[in-house]
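Chemist: Below you will find the structure I want to go over with you.
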Amino acid sequence: MTADVQATRDVIDIITGGWRAQALYTAVKLGLADHIEADRATDAELAKATGASEQGIHRLMRLLVAMGIFQGSDSTGYRGTRVSAALLEGPQSLSDMCLLYGEEFYSAWGHAHHAISTESSGFEVAYGRSFYDYLGQDAATARRFQLTMNAASMFFHQVPEIFDFSGKKVVDVGGGGGHLLATILGATPDAKGTLFDREHMMPRAREHLSATVGPDRAELVGGDMFQGVPAGGDVYILCRVLAGHDDEAVAGVFEHCRRAMADSSARLLILDRFVEDVNPTVLPALWDLHLLVTTGGEHRTVDRITRLLNRAGLEIAGTAELPMETTALIAAPRTP
């Protein structure tokens, strides 16, 4: 039988993906993007700046150039690219994401067989505790995770473009550090906001909202969305907060939002990735499996979310697509 050369190449490209990820992680760990931005453009200069072996740097840079992370060579000098620019230190840097995925998450994926076979977290096998317990006991990783979530929120600026928040009271349920709410309020001067999350998130959210939209535009309320949500909102938002919870818990949150709505014109805005069982695309399917491996959670299909909304007396009134295969579902109270 004649070997299928392209199939072999495809398999090799897939199975070496972890090596590429670790090469990028190492580049971030060594701060290579920032060093090259500072004109340390040769193997010797990078080795001196990082304390790494010069020959090791040479071999790593050869791969990173081939991957398109950097340009140039030792003889001509290394230069940055659009990809390496995303790794530079700064508010929108993806460096914390690379570190988190290259360390804790990479270790969790080493137990993918266990996670898939038992439908339970591989992270717990690797670290002996749940991911969120780990964050609660490791402040550095918790900070890295929050920065990762912030950096992955490149779709936030488009949310005011797909929904009219003018004059409305916006309740961001599980709003974290306040970045989405600040974006919405910044784009909608006559809107008011309430950020609702657990008490430990309040100091960070208060600091961010005060600095971006002022202390009077948003109210901060501590609590548990599985027990209830603030009443009287015109728009309730659930952004990437459902994946780690089972259907009963999610249906309960929908019910709390429905009961808390100011009137029948209020809306629930769900921002998340949704998987497709027919003709799936890679990124949502990959993130779904990542949730299983790390937290035991999952992404849902739109049909499944629709059924849970219906249980709460809500129905989907509209949808909109956002970057990175994120979808906005706009749910309204169901008419009798």
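Labeling convention for the structure tokens: chains A, B, ... as they appear, residues from 1 per chain, ligands from 1 in order of appearance.
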Would you kindly return, as a ChimeraX atom specification, each protein, DNA or RNA residue with an atom no farther than 8 Å from any atom of region 193-199 of chain A, considering only C-alpha atoms and excluding same-chain residues fewer than 3 positions away?

Modeler: /A:169-176,178,181,185,202,205,217-225,229-230

Chemist: Can you list, as an NGL selection string, every residue of region 26-227 of chain A that DSSP puts in alpha helix (DSSP H)?

Modeler: :A and (26-29 or 32-37 or 43-50 or 54-66 or 82-85 or 95-102 or 104-109 or 112-118 or 122-127 or 131-137 or 139-151 or 159-162 or 179-187 or 202-212)

Chemist: Would you please work out which residue, of A:Asn310, A:Thr295, A:Gln71, A:Thr319, is nearest to Ile270 (chain A) when using only C-alpha atoms?

Modeler: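 Looking only at the distances to Ile270 (chain A), the closest residue turns out to be A:Thr319.
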
Chemist: Give me the residues near Gly232 (chain A) as a list in words, where near means some atom within 12 Å (using only C-alpha atoms) and where sequence neighbours in that chain fewer than 6 positions away do not count.

Modeler: Lys168, Lys169, Val170, Val171, Lys192, Gly193, Thr194, His256, Cys257, Arg258, Arg259, Ala260, Met261, Ala262, Asp263, Ser264, Ser265, Ala266 and Arg267 of chain A

Chemist: As an exercise, work out the distance from CA of Glu298 (chain A) to CA of Tyr236 (chain A) in Å and give it to one decimal place.

Modeler: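 So the two atoms, CA of Glu298 (chain A) and CA of Tyr236 (chain A), lie 22.0 Å apart.
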
Chemist: From the set A:Asp138, A:Asp4, A:Asp34, A:Glu248, which residue has the shortest atom-to-atom contact distance to Thr81 (chain A), counting only C-alpha atoms?

Modeler: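 Closest to Thr81 (chain A), using only C-alpha atoms: A:Asp34.
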
Chemist: Excluding Thr148 (chain A) and residues on its chain fewer than 6 positions from it, collect all residues at most 8 Å away from it, counting only C-alpha atoms, and give them as a ChimeraX atom specification.

Modeler: /A:94,96-97,100

Chemist: Grab the residues selected above and save them as a PDB file, in the first residue's frame with N, CA, C and O atoms.

Modeler:
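Generated file (out.pdb):
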```
ATOM      1  N   LEU A  94      -0.420  39.204  25.616  1.00  0.00           N
ATOM      2  CA  LEU A  94      -0.819  37.802  25.742  1.00  0.00           C
ATOM      3  C   LEU A  94       0.237  36.976  26.474  1.00  0.00           C
ATOM      4  O   LEU A  94       0.159  35.755  26.495  1.00  0.00           O
ATOM      5  N   ASP A  96       0.889  36.620  29.731  1.00  0.00           N
ATOM      6  CA  ASP A  96       0.375  35.856  30.868  1.00  0.00           C
ATOM      7  C   ASP A  96      -0.408  34.639  30.391  1.00  0.00           C
ATOM      8  O   ASP A  96      -0.367  33.578  31.028  1.00  0.00           O
ATOM      9  N   MET A  97      -1.123  34.773  29.300  1.00  0.00           N
ATOM     10  CA  MET A  97      -1.835  33.639  28.725  1.00  0.00           C
ATOM     11  C   MET A  97      -0.855  32.538  28.323  1.00  0.00           C
ATOM     12  O   MET A  97      -1.070  31.355  28.620  1.00  0.00           O
ATOM     13  N   LEU A 100       0.467  30.815  31.525  1.00  0.00           N
ATOM     14  CA  LEU A 100      -0.543  29.959  32.147  1.00  0.00           C
ATOM     15  C   LEU A 100      -0.747  28.685  31.334  1.00  0.00           C
ATOM     16  O   LEU A 100      -0.804  27.583  31.880  1.00  0.00           O
TER      17      LEU A 100
END
```

Chemist: From a DSSP calculation on the backbone, collect every residue of region 68-295 of chain A in strand (DSSP E or B) and output the set as an MDAnalysis selection string.

Modeler: chainID A and resid 70:73 77:80 169:173 192:197 218:222 233 235:239 261 267:272

Chemist: Give me, as a PyMOL selection string, all polymer residues having an atom no more than 9 Å from Phe155 (chain A), counting only C-alpha atoms and skipping those fewer than 5 positions away in the same chain.

Modeler: chain A and resi 322-324+326

Chemist: Might you pull out every residue within 10 Å of Thr118 (chain A), with only C-alpha atoms counted and same-chain residues fewer than 5 positions away left off, and present them as number ranges by chain?

Modeler: A: 112-113, 296

Chemist: Atoms to include: C-alpha atoms. Write the selected residues as a compact mmCIF listing (two decimals), in the first residue's frame.

Modeler:
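As written to disk, again.txt reads:
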```txt
# COMPACT_ATOMS: atom_id res chain seq x y z
CA ALA A 112 -6.31 14.42 28.92
CA HIS A 113 -6.83 10.65 28.60
CA GLY A 296 -14.56 19.58 34.33
```

Chemist: Which residue out of A:Thr301, A:Gln146, A:Ser210, A:Ser120 has the minimum interatomic distance to Pro280 (chain A) when only C-alpha atoms are used?

Modeler: A:Thr301

Chemist: Could you give me, as a list in words, the residues within 10 Å of Ser75 (chain A), counting only C-alpha atoms and dropping anything in the same chain fewer than 3 positions from it?

Modeler: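 Residues meeting the cut-off are Ala41, Thr42, Asp43, Gly72 and Tyr78 of chain A.
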
Chemist: Could the residues in this selection be saved with all heavy atoms as a short mmCIF file (atom, residue, chain, number, x, y, z; two decimals), in the first residue's frame?

Modeler:
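As a result, part15.cif now contains:
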```cif
data_model
loop_
_atom_site.label_atom_id
_atom_site.label_comp_id
_atom_site.auth_asym_id
_atom_site.auth_seq_id
_atom_site.Cartn_x
_atom_site.Cartn_y
_atom_site.Cartn_z
N ALA A 41 19.48 41.98 19.51
CA ALA A 41 19.04 41.34 18.27
C ALA A 41 19.89 40.18 17.82
O ALA A 41 19.69 39.65 16.73
CB ALA A 41 18.98 42.39 17.14
N THR A 42 20.84 39.73 18.65
CA THR A 42 21.67 38.59 18.28
C THR A 42 21.56 37.50 19.33
O THR A 42 21.08 37.74 20.44
CB THR A 42 23.15 38.99 18.14
OG1 THR A 42 23.66 39.35 19.44
CG2 THR A 42 23.31 40.17 17.17
N ASP A 43 22.03 36.31 18.98
CA ASP A 43 22.00 35.20 19.94
C ASP A 43 22.78 35.56 21.19
O ASP A 43 22.34 35.28 22.32
CB ASP A 43 22.60 33.94 19.29
CG ASP A 43 21.77 33.42 18.14
OD1 ASP A 43 20.54 33.66 18.13
OD2 ASP A 43 22.34 32.77 17.25
N GLY A 72 14.25 37.52 10.68
CA GLY A 72 15.69 37.75 10.68
C GLY A 72 16.49 36.54 11.10
O GLY A 72 16.01 35.40 11.07
N TYR A 78 17.69 39.86 14.74
CA TYR A 78 16.29 39.46 14.86
C TYR A 78 15.40 40.69 14.95
O TYR A 78 15.77 41.72 15.51
CB TYR A 78 16.09 38.58 16.10
CG TYR A 78 16.86 37.29 16.05
CD1 TYR A 78 17.90 37.04 16.94
CD2 TYR A 78 16.55 36.31 15.11
CE1 TYR A 78 18.61 35.85 16.90
CE2 TYR A 78 17.26 35.12 15.05
CZ TYR A 78 18.29 34.90 15.95
OH TYR A 78 18.99 33.72 15.90
#
```

Chemist: Calculated over only C-alpha atoms, which of the candidates A:Ala191, A:Ala285, A:Val28, A:Leu271 has the smallest distance to Leu88 (chain A)?

Modeler: A:Val28

Chemist: Using only C-alpha atoms, pick whichever of A:Ile69, A:Leu269, A:Ile330, A:Ala86 has the shortest atom-to-atom distance to Ala317 (chain A).

Modeler: A:Ile330
